[in-house]
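What follows is a short report on a single structure.
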Amino acid sequence: MSRSWTYGGDEPVRVNKWLAQSGVCSRREAEGLIAGGLVTIDGALVEDVGRKILPGQTLTLDEAGQEALDTKLTVLIHKPVGIVSAQPEGDQVPAVRLLRRSNLFVEAEVYPNSDHRLAPLGRLDMDSRGLLILSEDGVLAKAVIGPDSELDKEYFVQVEGDITPEKIDLLRHGLELDGRELRPATVEEVMPGRLRFVLVEGRNRQIRRMCELVELEVVDLIRTRVGPIELADLPGGMWRPMTAAERAALLEASKPRAS
């Protein structure tokens, strides 16, 4: 089924920019749809990728174009320790190899195949486990790992070493990595030797390096949430498709907060 949207802005805007801002697709995906002859404005075919839509005009994406967007696959994996998020070296195993039917946690309408180009939306290092999102959805990628993303991520971390109020305060705010001050984080001790972290940034091995700076050694790290998406009861090594409702919630949560 085709879909239509009426532009309600006050000034003309490039079609690819507007579709990206509206969460329909990425700019690059919009350009591909236009080049494929799948987009019309007020019934007229859009042939120029630089075309602007005017206030009050209606853009229609035909059935084939909508089907192409609907088949953009996003999956949730409970990544085990020892699996890399992407770009394996040597005999390392990438998370995408877990996407077998035997590892599927629930029913799926679409199964990953060689045509899908799934990339991690926020990596999880090989020594860590938990929620990993793999997707070929450009809009979702921008929402989760784009430079303006404010989505928070939750981790539970088992550490060895003395946990003191002073160390907790430093973990919350007061540390630097690679010469740059870290953004404030939520850090609390939820039980002896176990910390809960909530971060809005994701530098390389950030939590492990933060703990090292306060003389704590991480012995287990699990990511349990990315924005509103929770790991919940997804077993280790298993995967499931992201639902349309989860995608919508993720996009909504990524929108800039009013100041």
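Residue names in the structure tokens use chain letters A, B, ... in the order shown, residue numbers from 1 in each chain, and ligand numbers from 1 in the order shown.
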Show me, as a PDB file with C-alpha atoms, in the first residue's frame, the residues that have an atom within 9 Å of range 165-167 of chain A when counting only C-alpha atoms, minus same-chain residues fewer than 6 positions from it.
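Written file, result_24.pdb:
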ATOM      1  CA  CYS A 211      36.319   1.872  36.735  1.00  0.00           C
ATOM      2  CA  VAL A 214      38.995   4.642  40.450  1.00  0.00           C
ATOM      3  CA  GLU A 215      40.816   1.351  41.045  1.00  0.00           C
TER       4      GLU A 215
END
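The smallest atom-to-atom distance between Val139 in chain A and any of A:Pro192, A:Pro80, A:Gly23, A:Gly65, using only C-alpha atoms, is found for A:Gly23.
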Write out as a tab-separated table the residues of range 38-130 of chain A that have any atom within 9 Å of an atom of range 228-231 of chain A, one row each with the nearest atom pair and its distance in Å to one decimal, counting only C-alpha atoms, sorted by chain and then rising number.
residue	atom	partner	partner_atom	distance
A:Leu76	CA	A:Leu231	CA	8.1
A:Ile77	CA	A:Leu231	CA	8.4
A:His78	CA	A:Leu231	CA	7.1
A:Gly130	CA	A:Leu231	CA	7.0
Using only C-alpha atoms, which of A:Leu251, A:Leu213, A:Ala95, A:Leu195 sits nearest Arg129 in chain A?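 Smallest separation from Arg129 in chain A among the options: A:Ala95.
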As a VMD selection string, please: the residues near Thr58 in chain A (cut-off 12 Å, only C-alpha atoms, same-chain neighbours under 2 positions excluded). chain A and resid 3 to 9 15 39 to 46 52 to 56 60 to 61
Any chance you could export the current selection's N, CA, C and O atoms as an mmCIF file, in the first residue's frame?
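Dumped to result-v5.cif:
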data_model
loop_
_atom_site.group_PDB
_atom_site.id
_atom_site.type_symbol
_atom_site.label_atom_id
_atom_site.label_comp_id
_atom_site.auth_asym_id
_atom_site.auth_seq_id
_atom_site.Cartn_x
_atom_site.Cartn_y
_atom_site.Cartn_z
ATOM 1 N N ARG A 3 1.833 5.267 0.644
ATOM 2 C CA ARG A 3 1.614 6.155 1.788
ATOM 3 C C ARG A 3 1.832 7.592 1.353
ATOM 4 O O ARG A 3 2.659 7.873 0.466
ATOM 5 N N SER A 4 1.094 8.493 1.992
ATOM 6 C CA SER A 4 1.182 9.907 1.637
ATOM 7 C C SER A 4 1.372 10.754 2.880
ATOM 8 O O SER A 4 0.886 10.416 3.966
ATOM 9 N N TRP A 5 2.073 11.871 2.707
ATOM 10 C CA TRP A 5 2.300 12.835 3.777
ATOM 11 C C TRP A 5 2.137 14.232 3.195
ATOM 12 O O TRP A 5 2.626 14.522 2.090
ATOM 13 N N THR A 6 1.461 15.112 3.920
ATOM 14 C CA THR A 6 1.304 16.499 3.493
ATOM 15 C C THR A 6 2.269 17.376 4.280
ATOM 16 O O THR A 6 2.303 17.315 5.514
ATOM 17 N N TYR A 7 3.035 18.180 3.565
ATOM 18 C CA TYR A 7 4.049 19.017 4.193
ATOM 19 C C TYR A 7 3.397 20.238 4.833
ATOM 20 O O TYR A 7 2.717 21.018 4.166
ATOM 21 N N GLY A 8 3.606 20.392 6.142
ATOM 22 C CA GLY A 8 2.977 21.487 6.876
ATOM 23 C C GLY A 8 3.914 22.603 7.272
ATOM 24 O O GLY A 8 3.549 23.462 8.077
ATOM 25 N N GLY A 9 5.130 22.593 6.724
ATOM 26 C CA GLY A 9 6.086 23.638 7.064
ATOM 27 C C GLY A 9 5.752 24.971 6.415
ATOM 28 O O GLY A 9 4.834 25.083 5.596
ATOM 29 N N VAL A 15 13.180 17.420 -0.413
ATOM 30 C CA VAL A 15 12.398 16.221 -0.115
ATOM 31 C C VAL A 15 13.190 15.247 0.753
ATOM 32 O O VAL A 15 12.664 14.714 1.742
ATOM 33 N N VAL A 39 8.543 8.166 -6.009
ATOM 34 C CA VAL A 39 8.030 9.294 -5.228
ATOM 35 C C VAL A 39 7.328 10.287 -6.145
ATOM 36 O O VAL A 39 7.850 10.659 -7.201
ATOM 37 N N THR A 40 6.148 10.697 -5.720
ATOM 38 C CA THR A 40 5.429 11.751 -6.445
ATOM 39 C C THR A 40 5.038 12.870 -5.482
ATOM 40 O O THR A 40 4.910 12.647 -4.278
ATOM 41 N N ILE A 41 4.866 14.075 -6.023
ATOM 42 C CA ILE A 41 4.347 15.206 -5.261
ATOM 43 C C ILE A 41 3.141 15.746 -6.009
ATOM 44 O O ILE A 41 3.242 16.137 -7.181
ATOM 45 N N ASP A 42 1.993 15.721 -5.347
ATOM 46 C CA ASP A 42 0.723 16.122 -5.959
ATOM 47 C C ASP A 42 0.512 15.423 -7.295
ATOM 48 O O ASP A 42 0.051 16.019 -8.282
ATOM 49 N N GLY A 43 0.879 14.142 -7.339
ATOM 50 C CA GLY A 43 0.645 13.334 -8.524
ATOM 51 C C GLY A 43 1.725 13.387 -9.578
ATOM 52 O O GLY A 43 1.708 12.582 -10.515
ATOM 53 N N ALA A 44 2.686 14.295 -9.435
ATOM 54 C CA ALA A 44 3.750 14.435 -10.432
ATOM 55 C C ALA A 44 5.014 13.723 -9.942
ATOM 56 O O ALA A 44 5.423 13.888 -8.791
ATOM 57 N N LEU A 45 5.625 12.948 -10.822
ATOM 58 C CA LEU A 45 6.813 12.185 -10.472
ATOM 59 C C LEU A 45 7.969 13.109 -10.079
ATOM 60 O O LEU A 45 8.246 14.100 -10.762
ATOM 61 N N VAL A 46 8.632 12.797 -8.992
ATOM 62 C CA VAL A 46 9.820 13.540 -8.573
ATOM 63 C C VAL A 46 11.032 12.881 -9.227
ATOM 64 O O VAL A 46 11.323 11.709 -8.983
ATOM 65 N N LYS A 52 12.491 20.317 -4.050
ATOM 66 C CA LYS A 52 11.933 20.795 -2.795
ATOM 67 C C LYS A 52 10.420 20.612 -2.797
ATOM 68 O O LYS A 52 9.770 20.705 -3.838
ATOM 69 N N ILE A 53 9.885 20.345 -1.620
ATOM 70 C CA ILE A 53 8.447 20.276 -1.453
ATOM 71 C C ILE A 53 7.975 21.594 -0.855
ATOM 72 O O ILE A 53 8.646 22.187 -0.004
ATOM 73 N N LEU A 54 6.813 22.069 -1.316
ATOM 74 C CA LEU A 54 6.284 23.357 -0.881
ATOM 75 C C LEU A 54 5.209 23.160 0.180
ATOM 76 O O LEU A 54 4.579 22.096 0.263
ATOM 77 N N PRO A 55 4.975 24.184 0.994
ATOM 78 C CA PRO A 55 3.919 24.070 2.010
ATOM 79 C C PRO A 55 2.586 23.677 1.394
ATOM 80 O O PRO A 55 2.171 24.228 0.367
ATOM 81 N N GLY A 56 1.940 22.691 2.006
ATOM 82 C CA GLY A 56 0.634 22.241 1.545
ATOM 83 C C GLY A 56 0.671 21.156 0.506
ATOM 84 O O GLY A 56 -0.363 20.542 0.210
ATOM 85 N N THR A 60 3.730 11.355 -2.067
ATOM 86 C CA THR A 60 3.269 9.976 -2.019
ATOM 87 C C THR A 60 4.413 9.043 -2.365
ATOM 88 O O THR A 60 5.127 9.256 -3.351
ATOM 89 N N LEU A 61 4.578 8.042 -1.541
ATOM 90 C CA LEU A 61 5.544 6.978 -1.774
ATOM 91 C C LEU A 61 4.751 5.769 -2.243
ATOM 92 O O LEU A 61 3.832 5.321 -1.547
#
DSSP on the backbone: what in range 127-202 of chain A comes out helix (DSSP H, G or I), as a PDB file with C-alpha atoms, in the first residue's frame?
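Writing done, so here's part.pdb:
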ATOM      1  CA  GLY A 138      19.271   4.589   8.462  1.00  0.00           C
ATOM      2  CA  VAL A 139      16.729   6.604  10.420  1.00  0.00           C
ATOM      3  CA  LEU A 140      17.084   4.333  13.418  1.00  0.00           C
ATOM      4  CA  ALA A 141      20.874   4.469  13.221  1.00  0.00           C
ATOM      5  CA  LYS A 142      20.808   8.261  13.377  1.00  0.00           C
ATOM      6  CA  ALA A 143      18.436   8.138  16.356  1.00  0.00           C
ATOM      7  CA  VAL A 144      20.596   5.718  18.327  1.00  0.00           C
ATOM      8  CA  ILE A 145      24.178   6.605  17.439  1.00  0.00           C
ATOM      9  CA  PRO A 165      31.203   7.227  48.197  1.00  0.00           C
ATOM     10  CA  GLU A 166      34.160   9.179  46.818  1.00  0.00           C
ATOM     11  CA  LYS A 167      34.615   6.719  43.975  1.00  0.00           C
ATOM     12  CA  ILE A 168      30.894   6.785  43.179  1.00  0.00           C
ATOM     13  CA  ASP A 169      30.997  10.594  43.026  1.00  0.00           C
ATOM     14  CA  LEU A 170      33.936  10.479  40.606  1.00  0.00           C
ATOM     15  CA  LEU A 171      32.187   7.925  38.411  1.00  0.00           C
ATOM     16  CA  ARG A 172      29.128  10.149  38.296  1.00  0.00           C
TER      17      ARG A 172
END
Would you list the contacts of Ala185 in chain A as a list in words, taking every protein, DNA or RNA residue within 8 Å and counting only C-alpha atoms, but skipping same-chain residues closer than 6 positions in sequence?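 Contacts, in chain order: Leu171, Arg172, His173, Phe197, Val198, Leu199 and Val200 of chain A.
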Just C-alpha atoms for this one: save the residues we selected as an mmCIF file, in the first residue's frame.
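Wrote out04.cif, looks like this:
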data_model
loop_
_atom_site.group_PDB
_atom_site.id
_atom_site.type_symbol
_atom_site.label_atom_id
_atom_site.label_comp_id
_atom_site.auth_asym_id
_atom_site.auth_seq_id
_atom_site.Cartn_x
_atom_site.Cartn_y
_atom_site.Cartn_z
ATOM 1 C CA LEU A 171 32.187 7.925 38.411
ATOM 2 C CA ARG A 172 29.128 10.149 38.296
ATOM 3 C CA HIS A 173 31.071 13.216 37.228
ATOM 4 C CA PHE A 197 25.403 2.804 35.210
ATOM 5 C CA VAL A 198 23.215 4.961 32.968
ATOM 6 C CA LEU A 199 25.176 6.786 30.258
ATOM 7 C CA VAL A 200 24.276 9.085 27.379
#
Across A:Glu201, A:Asp233, A:Glu217, A:Glu109, the smallest distance to Gly146 in chain A, with only C-alpha atoms counted, is shown by A:Glu201
Pick from A:Val157, A:Arg117, A:Asp220, A:Val13 nearest to Val190 in chain A, counting only C-alpha atoms: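 With only C-alpha atoms as the atom set, the closest residue is A:Val157.
For the choices A:Leu234, A:Ala20, A:Val187, A:Ala244, the atom-to-atom distance to Leu132 in chain A is smallest for A:Leu234 when using only C-alpha atoms.
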Between CA of Ser102 in chain A and CA of Gly237 in chain A, what distance in Å does the model show, to one decimal?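 About the pair CA of Ser102 in chain A and CA of Gly237 in chain A: they are 10.3 Å apart.
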